[in-house]
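Here's model_9.cif, which has mmCIF, C-alpha atoms:
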```cif
data_protein
loop_
_atom_site.label_atom_id
_atom_site.label_comp_id
_atom_site.auth_asym_id
_atom_site.auth_seq_id
_atom_site.Cartn_x
_atom_site.Cartn_y
_atom_site.Cartn_z
CA MET H 30 -32.58 65.90 -175.07
CA VAL H 31 -33.45 62.38 -174.03
CA GLY H 32 -30.76 59.87 -174.90
CA LEU H 33 -32.08 57.48 -177.55
CA VAL H 34 -29.56 54.85 -176.44
CA SER H 35 -31.87 54.12 -173.50
CA PHE H 36 -34.52 52.82 -175.90
CA GLN H 37 -32.34 49.80 -176.66
CA LYS H 38 -32.11 48.49 -173.10
CA VAL H 39 -34.29 45.50 -172.21
CA ALA H 40 -34.91 44.72 -168.56
CA THR H 41 -35.75 41.09 -167.73
CA HIS H 42 -37.33 39.95 -164.49
CA SER H 43 -38.64 36.59 -163.23
CA LEU H 44 -41.57 36.23 -160.87
CA SER H 45 -42.60 33.00 -159.17
CA TYR H 46 -46.13 32.98 -157.83
CA ASP H 47 -48.60 30.59 -156.24
CA LYS H 48 -52.00 30.54 -154.54
CA ARG H 49 -50.77 32.82 -151.75
CA ASP H 50 -49.85 35.58 -154.21
CA ILE H 51 -53.16 35.27 -156.05
CA ILE H 52 -55.18 35.47 -152.83
CA LEU H 53 -53.11 38.35 -151.43
CA TYR H 54 -53.59 40.34 -154.64
CA SER H 55 -57.33 39.68 -154.58
CA LEU H 56 -57.56 40.97 -151.01
CA GLY H 57 -55.50 43.99 -152.04
CA VAL H 58 -58.05 45.02 -154.67
CA GLY H 59 -61.07 44.54 -152.43
CA ALA H 60 -62.23 40.96 -152.97
CA SER H 61 -64.20 40.02 -149.87
CA LEU H 62 -66.23 37.25 -148.29
CA ASP H 63 -69.02 39.82 -148.06
CA ASN H 64 -69.54 38.89 -151.71
CA PRO H 65 -69.86 35.07 -151.94
CA GLU H 66 -68.89 35.14 -155.61
CA ASP H 67 -65.44 36.45 -154.63
CA LEU H 68 -64.67 33.17 -152.86
CA LYS H 69 -63.08 31.72 -156.00
CA TYR H 70 -60.43 34.47 -155.82
CA LEU H 71 -59.79 33.89 -152.10
CA TYR H 72 -59.96 30.13 -151.52
CA GLU H 73 -57.56 27.72 -153.20
CA GLY H 74 -59.96 24.83 -152.56
CA HIS H 75 -62.76 26.41 -154.61
CA GLU H 76 -63.62 24.42 -157.73
CA ALA H 77 -63.18 27.56 -159.85
CA PHE H 78 -60.16 29.03 -158.00
CA SER H 79 -58.76 31.75 -160.27
CA ALA H 80 -56.56 34.80 -160.37
CA LEU H 81 -58.19 38.12 -161.10
CA PRO H 82 -57.00 39.03 -164.62
CA THR H 83 -55.44 42.31 -163.45
CA PHE H 84 -52.97 40.21 -161.44
CA LEU H 85 -51.03 40.14 -164.73
CA ILE H 86 -50.11 43.79 -164.18
CA ILE H 87 -47.98 42.75 -161.19
CA PRO H 88 -45.11 41.14 -163.18
CA ALA H 89 -44.87 44.28 -165.33
CA ILE H 90 -44.67 46.59 -162.31
CA THR H 91 -42.16 44.43 -160.45
CA THR H 92 -39.99 44.41 -163.57
CA LEU H 93 -39.98 48.21 -163.71
CA LEU H 94 -39.30 48.53 -159.99
CA GLY H 95 -36.52 45.95 -160.12
CA ALA H 96 -34.57 47.64 -162.92
CA ASN H 97 -33.35 51.17 -163.58
CA ILE H 98 -34.84 51.21 -167.04
CA ILE H 99 -36.70 54.50 -166.47
CA GLY H 100 -33.76 56.16 -164.72
CA ASP H 101 -31.58 55.48 -167.77
CA VAL H 102 -33.89 57.64 -169.90
CA PHE H 103 -32.33 60.75 -168.38
CA PRO H 104 -28.56 60.13 -168.31
CA GLY H 105 -26.79 62.27 -165.77
CA LYS H 106 -30.03 63.24 -164.00
CA ASP H 107 -31.53 61.92 -160.79
CA ILE H 108 -35.25 61.20 -160.83
CA ASP H 109 -37.12 62.12 -157.65
CA LEU H 110 -39.31 59.11 -156.84
CA THR H 111 -41.77 61.34 -154.98
CA LYS H 112 -42.33 63.16 -158.30
CA MET H 113 -43.00 60.01 -160.32
CA LEU H 114 -46.67 59.37 -161.08
CA HIS H 115 -48.37 56.40 -162.70
CA GLY H 116 -50.12 58.18 -165.57
CA GLU H 117 -51.74 55.41 -167.61
CA GLN H 118 -51.93 51.64 -167.74
CA TYR H 119 -52.84 49.13 -170.44
CA LEU H 120 -53.06 45.36 -170.02
CA GLU H 121 -53.91 42.78 -172.64
CA VAL H 122 -54.39 39.18 -171.52
CA ILE H 123 -53.17 36.85 -174.25
CA ARG H 124 -53.38 33.46 -172.52
CA PRO H 125 -55.26 32.36 -169.38
CA LEU H 126 -53.12 32.52 -166.25
CA GLU H 127 -52.44 29.35 -164.27
CA THR H 128 -52.84 29.53 -160.49
CA SER H 129 -49.12 28.95 -159.92
CA GLY H 130 -45.96 29.09 -161.97
CA GLU H 131 -43.11 31.31 -163.05
CA LEU H 132 -43.39 34.34 -165.30
CA VAL H 133 -40.61 36.09 -167.17
CA SER H 134 -41.16 39.70 -168.21
CA LYS H 135 -39.16 41.78 -170.66
CA ALA H 136 -39.52 45.56 -170.54
CA ARG H 137 -38.17 48.39 -172.64
CA VAL H 138 -38.81 52.09 -173.05
CA VAL H 139 -40.53 52.67 -176.40
CA ASP H 140 -41.00 56.45 -176.29
CA VAL H 141 -40.58 59.56 -174.14
CA LEU H 142 -42.95 62.50 -174.58
CA ASP H 143 -42.37 66.11 -173.62
CA LYS H 144 -45.45 67.35 -171.76
CA GLY H 145 -43.89 70.63 -170.69
CA SER H 146 -44.32 70.28 -166.95
CA GLY H 147 -42.98 66.76 -167.09
CA ALA H 148 -42.07 63.79 -169.25
CA ALA H 149 -44.34 60.85 -170.10
CA ILE H 150 -42.32 57.65 -170.36
CA LEU H 151 -43.89 54.74 -172.27
CA VAL H 152 -42.67 51.27 -171.32
CA ASP H 153 -43.81 48.09 -173.06
CA VAL H 154 -43.66 44.86 -171.07
CA ASP H 155 -44.16 41.39 -172.54
CA THR H 156 -44.71 38.56 -170.07
CA PHE H 157 -44.11 34.86 -170.79
CA ASP H 158 -44.89 31.69 -168.86
CA GLU H 159 -42.33 29.01 -167.99
CA ASN H 160 -42.95 27.31 -171.36
CA GLY H 161 -42.14 30.48 -173.27
CA ASN H 162 -45.75 31.27 -174.16
CA ARG H 163 -46.60 34.99 -174.23
CA VAL H 164 -49.36 35.47 -171.66
CA ALA H 165 -49.69 39.24 -171.34
CA TYR H 166 -48.72 42.61 -172.75
CA ASN H 167 -48.59 45.71 -170.56
CA GLN H 168 -47.91 49.32 -171.45
CA VAL H 169 -47.00 51.44 -168.44
CA THR H 170 -47.00 55.23 -168.82
CA THR H 171 -45.10 57.02 -166.07
CA PHE H 172 -45.13 60.80 -165.64
CA ALA H 173 -41.93 62.37 -164.31
CA ILE H 174 -42.77 65.81 -162.89
CA GLY H 175 -40.19 68.46 -163.71
CA MET H 176 -38.45 66.42 -166.41
CA GLY H 177 -40.16 68.05 -169.41
CA GLY H 178 -39.04 70.93 -171.57
CA PHE H 179 -36.36 68.98 -173.43
CA GLY H 180 -37.81 69.77 -176.86
CA GLY H 181 -39.36 66.38 -177.55
CA LYS H 182 -42.64 65.41 -179.21
CA ARG H 183 -45.94 65.45 -177.31
CA THR H 184 -47.65 62.41 -178.86
CA SER H 185 -46.64 58.93 -179.97
CA ASP H 186 -48.00 56.34 -182.37
CA LYS H 187 -46.72 53.71 -179.95
CA ALA H 188 -49.15 54.74 -177.20
CA VAL H 189 -52.31 52.74 -176.54
CA ASP H 190 -54.94 55.47 -176.54
CA ILE H 191 -57.64 56.08 -173.97
CA ALA H 192 -61.29 56.21 -175.08
CA ASN H 193 -63.94 58.58 -173.77
CA ALA H 194 -67.20 57.21 -172.40
CA PRO H 195 -70.50 57.81 -174.26
CA ALA H 196 -72.32 61.07 -173.49
CA ARG H 197 -75.24 59.46 -171.65
CA ALA H 198 -76.09 58.11 -168.25
CA PRO H 199 -74.09 55.02 -167.26
CA ASP H 200 -75.64 51.60 -167.74
CA ALA H 201 -74.38 50.37 -164.38
CA THR H 202 -72.79 51.80 -161.25
CA VAL H 203 -71.04 50.09 -158.36
CA THR H 204 -70.06 51.86 -155.14
CA GLU H 205 -67.50 50.34 -152.77
CA LYS H 206 -65.58 51.74 -149.82
CA THR H 207 -61.86 51.07 -149.57
CA SER H 208 -60.18 50.19 -146.29
CA LEU H 209 -57.78 52.42 -144.35
CA ASN H 210 -55.37 49.50 -144.74
CA GLN H 211 -55.96 49.10 -148.49
CA ALA H 212 -52.56 50.41 -149.61
CA ALA H 213 -50.80 48.51 -146.83
CA VAL H 214 -52.29 45.26 -148.14
CA TYR H 215 -51.94 46.02 -151.86
CA ARG H 216 -48.22 46.86 -151.61
CA LEU H 217 -47.56 43.28 -150.46
CA SER H 218 -48.12 42.22 -154.07
CA GLY H 219 -44.86 43.91 -155.04
CA ASP H 220 -45.36 47.67 -155.43
CA TRP H 221 -43.15 48.83 -152.56
CA ASN H 222 -43.17 52.55 -153.38
CA PRO H 223 -43.01 54.25 -149.92
CA LEU H 224 -45.31 56.99 -151.19
CA HIS H 225 -48.18 54.65 -150.36
CA ILE H 226 -47.22 53.87 -146.75
CA ASP H 227 -44.74 56.47 -145.42
CA GLN H 228 -46.15 59.79 -144.19
CA ASP H 229 -42.82 61.61 -144.69
CA MET H 230 -42.57 60.43 -148.31
CA ALA H 231 -46.19 61.41 -148.92
CA THR H 232 -45.52 64.89 -147.54
CA LEU H 233 -42.47 65.28 -149.79
CA GLY H 234 -44.67 64.29 -152.72
CA GLY H 235 -47.20 67.00 -151.85
CA TYR H 236 -49.89 64.75 -150.32
CA ARG H 237 -51.46 65.17 -146.89
CA ARG H 238 -51.15 61.45 -146.28
CA PRO H 239 -50.06 58.30 -148.16
CA ILE H 240 -52.14 57.69 -151.28
CA LEU H 241 -53.62 54.51 -152.69
CA HIS H 242 -51.89 52.85 -155.63
CA GLY H 243 -53.64 53.76 -158.87
CA LEU H 244 -53.42 50.10 -159.84
CA CYS H 245 -55.27 49.15 -156.68
CA THR H 246 -58.12 51.45 -157.69
CA LEU H 247 -57.97 49.90 -161.17
CA GLY H 248 -58.31 46.44 -159.63
CA PHE H 249 -61.48 47.52 -157.80
CA SER H 250 -62.98 48.83 -161.05
CA ALA H 251 -62.04 45.72 -163.02
CA ARG H 252 -63.79 43.58 -160.38
CA HIS H 253 -66.90 45.72 -160.67
CA ILE H 254 -66.98 45.28 -164.44
CA LEU H 255 -66.52 41.51 -164.21
CA GLN H 256 -69.42 41.38 -161.75
CA ARG H 257 -71.75 43.46 -163.90
CA PHE H 258 -70.95 42.37 -167.44
CA ALA H 259 -69.06 39.05 -167.36
CA ASN H 260 -70.94 37.07 -164.69
CA ASN H 261 -67.74 37.36 -162.61
CA ASP H 262 -65.94 35.10 -165.11
CA PRO H 263 -62.26 36.15 -165.44
CA SER H 264 -61.83 34.13 -168.64
CA LYS H 265 -64.02 36.68 -170.44
CA PHE H 266 -61.54 39.48 -169.70
CA LYS H 267 -59.43 40.58 -172.68
CA ALA H 268 -57.91 44.02 -172.01
CA ILE H 269 -58.07 47.15 -169.86
CA LYS H 270 -56.89 50.72 -170.38
CA ALA H 271 -57.03 53.58 -167.90
CA ARG H 272 -55.66 57.03 -167.07
CA PHE H 273 -55.12 58.15 -163.47
CA PRO H 274 -55.84 61.91 -163.21
CA LYS H 275 -56.21 62.11 -159.41
CA PRO H 276 -55.11 60.03 -156.41
CA VAL H 277 -57.30 58.17 -153.93
CA LEU H 278 -56.80 58.16 -150.18
CA PRO H 279 -57.23 54.81 -148.40
CA GLY H 280 -60.63 54.70 -146.75
CA GLN H 281 -62.38 56.73 -149.44
CA THR H 282 -65.37 55.38 -151.38
CA LEU H 283 -65.03 54.44 -155.05
CA GLN H 284 -67.86 54.70 -157.55
CA THR H 285 -67.37 52.90 -160.85
CA ASN H 286 -69.69 54.12 -163.63
CA MET H 287 -69.96 51.79 -166.63
CA TRP H 288 -71.23 52.10 -170.21
CA HIS H 289 -71.93 49.00 -172.29
CA GLU H 290 -70.90 49.35 -175.95
CA GLY H 291 -70.75 45.95 -177.64
CA SER H 292 -67.88 43.93 -176.16
CA ARG H 293 -66.31 47.10 -174.73
CA ILE H 294 -67.23 48.48 -171.32
CA HIS H 295 -66.27 52.13 -170.95
CA PHE H 296 -65.86 53.24 -167.36
CA GLU H 297 -64.81 56.04 -165.06
CA THR H 298 -64.15 55.86 -161.35
CA LYS H 299 -64.90 58.65 -158.91
CA VAL H 300 -64.30 59.28 -155.22
CA LEU H 301 -67.66 59.96 -153.60
CA GLU H 302 -66.22 62.05 -150.77
CA SER H 303 -64.50 64.54 -153.10
CA GLY H 304 -66.34 64.11 -156.40
CA TYR H 305 -63.00 63.80 -158.20
CA THR H 306 -62.60 61.49 -161.19
CA VAL H 307 -59.67 59.22 -160.31
CA ILE H 308 -59.82 56.95 -163.38
CA GLY H 309 -60.86 58.38 -166.73
CA GLY H 310 -60.81 57.59 -170.45
CA ALA H 311 -60.97 53.96 -169.42
CA TYR H 312 -62.38 50.77 -170.89
CA VAL H 313 -62.38 47.00 -170.54
CA ASP H 314 -62.63 44.77 -173.59
CA LEU H 315 -64.39 41.45 -172.99
CA THR H 316 -64.49 38.38 -175.20
CA GLU H 317 -68.25 38.49 -174.67
CA THR H 318 -70.64 40.25 -172.34
CA VAL H 319 -73.18 38.52 -170.11
CA PRO H 320 -76.25 40.29 -168.70
CA PHE H 321 -75.74 40.90 -165.01
CA LEU H 322 -76.35 37.82 -162.84
CA ARG H 323 -77.83 35.76 -165.67
CA THR H 324 -76.21 32.56 -166.86
CA ASN H 325 -76.82 30.03 -169.61
CA ASN H 326 -78.70 27.96 -167.05
CA VAL H 327 -81.52 30.50 -167.02
CA SER H 328 -82.90 31.51 -170.39
CA ALA H 329 -84.13 34.99 -171.14
CA THR H 330 -87.71 33.71 -171.13
CA GLU H 331 -87.45 31.59 -167.96
CA THR H 332 -88.72 33.12 -164.73
CA LEU H 333 -87.28 32.20 -161.36
CA LYS H 334 -89.88 30.84 -158.93
CA SER H 335 -88.35 33.14 -156.33
CA GLU H 336 -89.73 36.14 -158.22
CA ALA H 337 -93.20 35.55 -156.73
CA VAL H 338 -91.81 35.33 -153.19
CA PHE H 339 -89.98 38.63 -153.52
CA ASP H 340 -93.03 40.30 -155.08
CA ALA H 341 -95.16 39.25 -152.10
CA LEU H 342 -92.46 40.23 -149.63
CA LYS H 343 -92.19 43.66 -151.22
CA LYS H 344 -95.90 44.27 -150.59
CA ARG H 345 -95.48 43.10 -147.01
CA ILE H 346 -92.65 45.58 -146.44
CA GLU H 347 -94.59 48.47 -147.96
CA ALA H 348 -97.53 47.70 -145.66
CA ASN H 349 -95.38 47.59 -142.51
CA LEU H 350 -92.74 50.29 -143.04
CA GLU H 351 -92.41 51.37 -139.41
CA LYS H 352 -91.92 47.80 -138.23
CA VAL H 353 -89.41 46.71 -140.87
CA LYS H 354 -87.26 49.84 -140.52
CA LYS H 355 -86.55 48.81 -136.92
CA ILE H 356 -84.48 45.94 -138.32
CA ASN H 357 -82.17 48.63 -139.78
CA GLY H 358 -80.22 46.41 -142.13
CA VAL H 359 -79.46 45.95 -145.83
CA PHE H 360 -79.64 42.40 -147.20
CA GLN H 361 -78.75 40.98 -150.60
CA TYR H 362 -80.23 37.67 -151.71
CA ASN H 363 -78.38 35.82 -154.47
CA ILE H 364 -80.58 33.13 -156.03
CA THR H 365 -78.77 30.37 -157.89
CA VAL H 366 -79.62 27.86 -160.60
CA GLY H 367 -77.22 25.00 -161.24
CA GLY H 368 -74.70 26.52 -158.84
CA ASN H 369 -74.55 29.86 -160.68
CA THR H 370 -76.14 33.11 -159.58
CA ALA H 371 -79.25 33.69 -161.69
CA GLY H 372 -80.88 36.59 -159.88
CA SER H 373 -80.22 39.07 -157.10
CA TRP H 374 -82.53 41.09 -154.85
CA THR H 375 -81.79 43.82 -152.34
CA ILE H 376 -83.90 44.21 -149.20
CA ASP H 377 -82.99 47.61 -147.76
CA LEU H 378 -84.77 47.78 -144.42
CA LYS H 379 -83.06 51.04 -143.53
CA LYS H 380 -85.18 52.67 -146.23
CA GLY H 381 -87.98 50.12 -146.34
CA VAL H 382 -87.54 49.10 -149.99
CA LEU H 383 -87.05 45.86 -151.90
CA TYR H 384 -85.84 45.79 -155.50
CA LYS H 385 -84.26 43.44 -157.97
CA GLY H 386 -80.52 43.80 -158.44
CA PRO H 387 -77.55 44.62 -156.19
CA VAL H 388 -77.56 47.44 -153.66
CA LYS H 389 -77.77 50.81 -155.42
CA GLU H 390 -75.99 52.82 -152.75
CA GLY H 391 -74.40 52.18 -149.40
CA LYS H 392 -73.15 48.83 -148.11
CA VAL H 393 -74.75 45.42 -147.80
CA ASP H 394 -74.84 44.24 -144.17
CA CYS H 395 -75.57 40.62 -144.98
CA THR H 396 -75.53 38.49 -148.14
CA LEU H 397 -77.61 35.31 -148.33
CA THR H 398 -77.25 32.77 -151.13
CA MET H 399 -79.71 29.96 -151.92
CA SER H 400 -80.84 27.93 -154.89
CA ASP H 401 -84.16 28.90 -156.45
CA PRO H 402 -86.11 25.81 -155.28
CA ASP H 403 -84.59 25.86 -151.77
CA PHE H 404 -85.50 29.54 -151.38
CA VAL H 405 -89.12 28.82 -152.33
CA ASP H 406 -89.26 25.84 -149.94
CA LEU H 407 -87.79 27.94 -147.14
CA PHE H 408 -90.52 30.55 -147.32
CA ALA H 409 -93.23 27.97 -147.84
CA GLY H 410 -92.22 26.49 -144.48
CA LYS H 411 -91.01 23.24 -146.07
CA LEU H 412 -87.35 23.90 -145.21
CA ASN H 413 -86.12 24.84 -141.75
CA PRO H 414 -83.69 27.83 -141.84
CA GLN H 415 -81.29 26.28 -139.31
CA MET H 416 -81.20 22.97 -141.17
CA ALA H 417 -80.73 24.79 -144.47
CA PHE H 418 -77.72 26.61 -143.00
CA MET H 419 -76.20 23.44 -141.50
CA GLN H 420 -76.68 21.52 -144.76
CA GLY H 421 -75.05 24.27 -146.81
CA LYS H 422 -78.28 25.11 -148.63
CA LEU H 423 -78.25 28.60 -147.11
CA LYS H 424 -74.95 30.48 -147.26
CA VAL H 425 -74.64 33.61 -145.15
CA ALA H 426 -71.91 36.26 -145.20
CA GLY H 427 -71.91 39.33 -143.00
CA ASN H 428 -73.87 40.23 -139.87
CA LEU H 429 -75.57 37.06 -138.59
CA MET H 430 -77.43 38.96 -135.85
CA LEU H 431 -79.30 40.90 -138.51
CA VAL H 432 -80.40 37.65 -140.12
CA GLN H 433 -82.10 36.68 -136.88
CA LYS H 434 -83.95 40.01 -136.85
CA LEU H 435 -85.02 39.42 -140.44
CA SER H 436 -86.34 35.93 -139.68
CA GLY H 437 -89.47 37.26 -137.94
CA LEU H 438 -90.52 39.15 -141.04
CA MET H 439 -89.80 36.09 -143.18
CA LYS H 440 -91.91 33.82 -140.95
CA GLU H 441 -94.85 36.17 -141.34
CA GLN H 442 -94.27 36.10 -145.08
CA SER H 443 -94.35 32.30 -145.15
CA LYS H 444 -97.88 32.34 -143.70
CA LEU H 445 -99.26 34.40 -146.58
#
```

What would the structure in this file look like if it were written as structure tokens?
Amino acid sequence: MVGLVSFQKVATHSLSYDKRDIILYSLGVGASLDNPEDLKYLYEGHEAFSALPTFLIIPAITTLLGANIIGDVFPGKDIDLTKMLHGEQYLEVIRPLETSGELVSKARVVDVLDKGSGAAILVDVDTFDENGNRVAYNQVTTFAIGMGGFGGKRTSDKAVDIANAPARAPDATVTEKTSLNQAAVYRLSGDWNPLHIDQDMATLGGYRRPILHGLCTLGFSARHILQRFANNDPSKFKAIKARFPKPVLPGQTLQTNMWHEGSRIHFETKVLESGYTVIGGAYVDLTETVPFLRTNNVSATETLKSEAVFDALKKRIEANLEKVKKINGVFQYNITVGGNTAGSWTIDLKKGVLYKGPVKEGKVDCTLTMSDPDFVDLFAGKLNPQMAFMQGKLKVAGNLMLVQKLSGLMKEQSKL
């Protein structure tokens, strides 16, 4: 039987962090300059420099790793770290996180469940800033394989429950490939479990190679939800809950499916290569939802002037499919109003299609960002592309050579 005395122990851990830690975490969960709107998570000089809200999971995890609070649950028994799995995670953001400071976290085991083949250990972690303000609450559920069968209960009223997604097609889907180095980068934020980097440890754990941290996958999904339903505004993030049924291998492709239900976004994450669901029963609660890529600067009845340019360009592409496919690139145009993205179009010249919204499948080769009036002037021939780039009116991320190939098509468009 599990010793109840272990429930009384409180582990305390301090974590100092600054811009470097925020940027390193953002890189670890896939933030990239391929997406210009990620710059505020990667550049300390950005006017809206911010931490991704899931950064607040890090102090909870480092507290657990820095103390033997879980090991004390089973007095007299050694826990095999290769048989410890991160089963579920809950985070509630209580106060906005500053971009530097010191956090103090207090963790304690609140329940241990007998699942037969193993034990589910529930740990609550409260995190406070240097002024004593509570900034976050985490609940970490760890599954210890082989530690079940002690005659305990199977459920707990202390557990934050998962929630199943609606039985309908998702309202939004984002697909993103992880890097072979994803776990190697993510672990630098404090999760040093060798299972994610050491081949021998992975083999002992029953994996053919080191697996990706479940919390890294969760960070990818949280980013996708912020992009789709919060206009990439981290201040709108309130809470996240997820279960991790299967592992991800670095280099695999993640697909986040999302369902919009009021201020709650249900989601599941799959690996495209295997078809496995790797995050399930999951949701993000937002303080409010914002239609994708629409801000208060553009009303629901206002039409971007760029709409007409893209409509004409679409017809041009359809009339010259063989020619445009030779460009063999995928481009995303982000059109801004008042400095905020107000519309997005994908020009997929591998398939010869143009449509409103982000890329539906595959990867964007080049992202171009312009204001609505500058974009119209560019294709009316009133604004020189090179001058627009030099003056910062045209921002380009990705393959610049492809932009040059695209320019011929755009020049023909400007003559229409």

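Minimum atom-to-atom distances from H:Ile90, H:Gln211, H:Arg197, H:Gly161 to Ser55 in chain H were compared using only C-alpha atoms, and the lowest value belongs to H:Gln211.
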
### Message
Excluding range 217-222 of chain H and its own-chain neighbours fewer than 4 positions away, which residues fall within 8 Å of it when counting only C-alpha atoms? Please give them as an MDAnalysis selection string.
### Response
chainID H and resid 50 53:54 57 87 90:91 94 213 226

### Query
Which of these residues is nearest to Ile99 in chain H, using only C-alpha atoms: H:Val141, H:Ile191, H:Val359, H:Leu126?
H:Val141

### Task
Taking the file as shown, find all residues satisfying the PyMOL selection byres ((chain H and resi 428) around 6) and write them as an NGL selection string.
:H and (394-395 or 427 or 429-431)

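Residues in contact range of Leu62 in chain H, defined as at most 9 Å between all atoms listed in the file, with sequence neighbours fewer than 6 positions away removed, read Leu68, Leu71, Ala426 and Gly427 of chain H.
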
Write to file, as a tab-separated table (two decimals), keeping the file's coordinate frame, the residues of the selection just made, with C-alpha atoms.
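Result written to result_26.tsv:
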```
chain	number	residue	atom	x	y	z
H	68	LEU	CA	-64.67	33.17	-152.86
H	71	LEU	CA	-59.79	33.89	-152.10
H	426	ALA	CA	-71.91	36.26	-145.20
H	427	GLY	CA	-71.91	39.33	-143.00
```

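Excluding Gly235 in chain H itself and same-chain residues fewer than 4 positions from it, the residues having an atom within 10 Å of it are Thr111, Lys112, Asp229, Met230, Ala231 and Pro239 of chain H, counting only C-alpha atoms.
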
Using the chain letters and numbers from the file, which residues does the PyMOL selection byres ((chain H and resi 121) around 7) grab, as a CSV table (one decimal) with C-alpha atoms, keeping the file's coordinate frame?
```csv
chain,number,residue,atom,x,y,z
H,119,TYR,CA,-52.8,49.1,-170.4
H,120,LEU,CA,-53.1,45.4,-170.0
H,122,VAL,CA,-54.4,39.2,-171.5
H,123,ILE,CA,-53.2,36.8,-174.2
H,165,ALA,CA,-49.7,39.2,-171.3
H,166,TYR,CA,-48.7,42.6,-172.8
H,167,ASN,CA,-48.6,45.7,-170.6
H,267,LYS,CA,-59.4,40.6,-172.7
H,268,ALA,CA,-57.9,44.0,-172.0
H,269,ILE,CA,-58.1,47.2,-169.9
```

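We find CA of Val319 in chain H and CA of Trp288 in chain H to be spaced 13.7 Å apart.
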
### Task
I need the residue set behind the PyMOL selection byres ((chain H and resi 385) around 8) for this file; please write it as a list in words.
Gly372, Ser373, Trp374, Thr375, Leu383, Tyr384, Gly386 and Pro387 of chain H

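Of the listed residues (H:Ala89, H:Leu44, H:Ala198, H:Ala371), H:Ala89 comes nearest to Val152 in chain H; the distances count only C-alpha atoms.
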
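Excluding Thr396 in chain H itself and any same-chain residue fewer than 2 positions from it, the protein and nucleic acid residues within 6 Å of it, counting only C-alpha atoms, are Phe360, Gln361, Tyr362, Val425 and Ala426 of chain H.
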
### Message
Could you check which residues have any atom within 9 Å of (-49.4, 28.7, -160.3), counting all atoms listed in the file with coordinates taken straight from the file, and then list them as a ChimeraX atom specification?
### Response
/H:45-48,51,126-131

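With only C-alpha atoms as the atoms that count, the minimum distance from Val214 in chain H to the choices H:Leu412, H:Leu423, H:Ala60, H:Leu301 is reached by H:Ala60.
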
#### Entry: Selection: 10 Å around Val405 in chain H, only C-alpha atoms, excl. self and same-chain fewer than 5 positions, as a PyMOL selection string
chain H and resi 333-339+399-400+410-412+443

At a cut-off of 9 Å, can you tabulate as CSV every residue of range 59-155 of chain H near range 168-179 of chain H together with its closest atom pair and the distance in Å to one decimal, using all atoms listed in the file and ordering rows by chain then number?
```
residue,atom,partner,partner_atom,distance
H:Ala89,CA,H:Val169,CA,8.1
H:Ile90,CA,H:Val169,CA,8.2
H:Ile99,CA,H:Thr171,CA,8.8
H:Phe103,CA,H:Met176,CA,8.6
H:Ile108,CA,H:Ala173,CA,7.6
H:Asp109,CA,H:Ala173,CA,8.2
H:Leu110,CA,H:Ala173,CA,8.6
H:Lys112,CA,H:Ile174,CA,5.3
H:Met113,CA,H:Ala173,CA,4.8
H:Leu114,CA,H:Phe172,CA,5.0
H:His115,CA,H:Thr171,CA,4.7
H:Gly116,CA,H:Thr171,CA,5.2
H:Glu117,CA,H:Thr170,CA,4.9
H:Gln118,CA,H:Val169,CA,5.0
H:Tyr119,CA,H:Gln168,CA,5.0
H:Leu120,CA,H:Gln168,CA,6.7
H:Glu121,CA,H:Gln168,CA,9.0
H:Leu142,CA,H:Gly177,CA,8.1
H:Asp143,CA,H:Gly177,CA,5.1
H:Lys144,CA,H:Gly177,CA,5.8
H:Gly145,CA,H:Gly177,CA,4.7
H:Ser146,CA,H:Gly177,CA,5.3
H:Gly147,CA,H:Gly177,CA,3.9
H:Ala148,CA,H:Gly177,CA,4.7
H:Ala149,CA,H:Phe172,CA,4.5
H:Ile150,CA,H:Thr171,CA,5.2
H:Leu151,CA,H:Thr170,CA,4.7
H:Val152,CA,H:Val169,CA,5.2
H:Asp153,CA,H:Gln168,CA,4.6
H:Val154,CA,H:Gln168,CA,6.2
H:Asp155,CA,H:Gln168,CA,8.8
```

Hey, can you spit out that residue selection with C-alpha atoms as a compact mmCIF listing (two decimals), keeping the file's coordinate frame?
```txt
# COMPACT_ATOMS: atom_id res chain seq x y z
CA ALA H 89 -44.87 44.28 -165.33
CA ILE H 90 -44.67 46.59 -162.31
CA ILE H 99 -36.70 54.50 -166.47
CA PHE H 103 -32.33 60.75 -168.38
CA ILE H 108 -35.25 61.20 -160.83
CA ASP H 109 -37.12 62.12 -157.65
CA LEU H 110 -39.31 59.11 -156.84
CA LYS H 112 -42.33 63.16 -158.30
CA MET H 113 -43.00 60.01 -160.32
CA LEU H 114 -46.67 59.37 -161.08
CA HIS H 115 -48.37 56.40 -162.70
CA GLY H 116 -50.12 58.18 -165.57
CA GLU H 117 -51.74 55.41 -167.61
CA GLN H 118 -51.93 51.64 -167.74
CA TYR H 119 -52.84 49.13 -170.44
CA LEU H 120 -53.06 45.36 -170.02
CA GLU H 121 -53.91 42.78 -172.64
CA LEU H 142 -42.95 62.50 -174.58
CA ASP H 143 -42.37 66.11 -173.62
CA LYS H 144 -45.45 67.35 -171.76
CA GLY H 145 -43.89 70.63 -170.69
CA SER H 146 -44.32 70.28 -166.95
CA GLY H 147 -42.98 66.76 -167.09
CA ALA H 148 -42.07 63.79 -169.25
CA ALA H 149 -44.34 60.85 -170.10
CA ILE H 150 -42.32 57.65 -170.36
CA LEU H 151 -43.89 54.74 -172.27
CA VAL H 152 -42.67 51.27 -171.32
CA ASP H 153 -43.81 48.09 -173.06
CA VAL H 154 -43.66 44.86 -171.07
CA ASP H 155 -44.16 41.39 -172.54
```
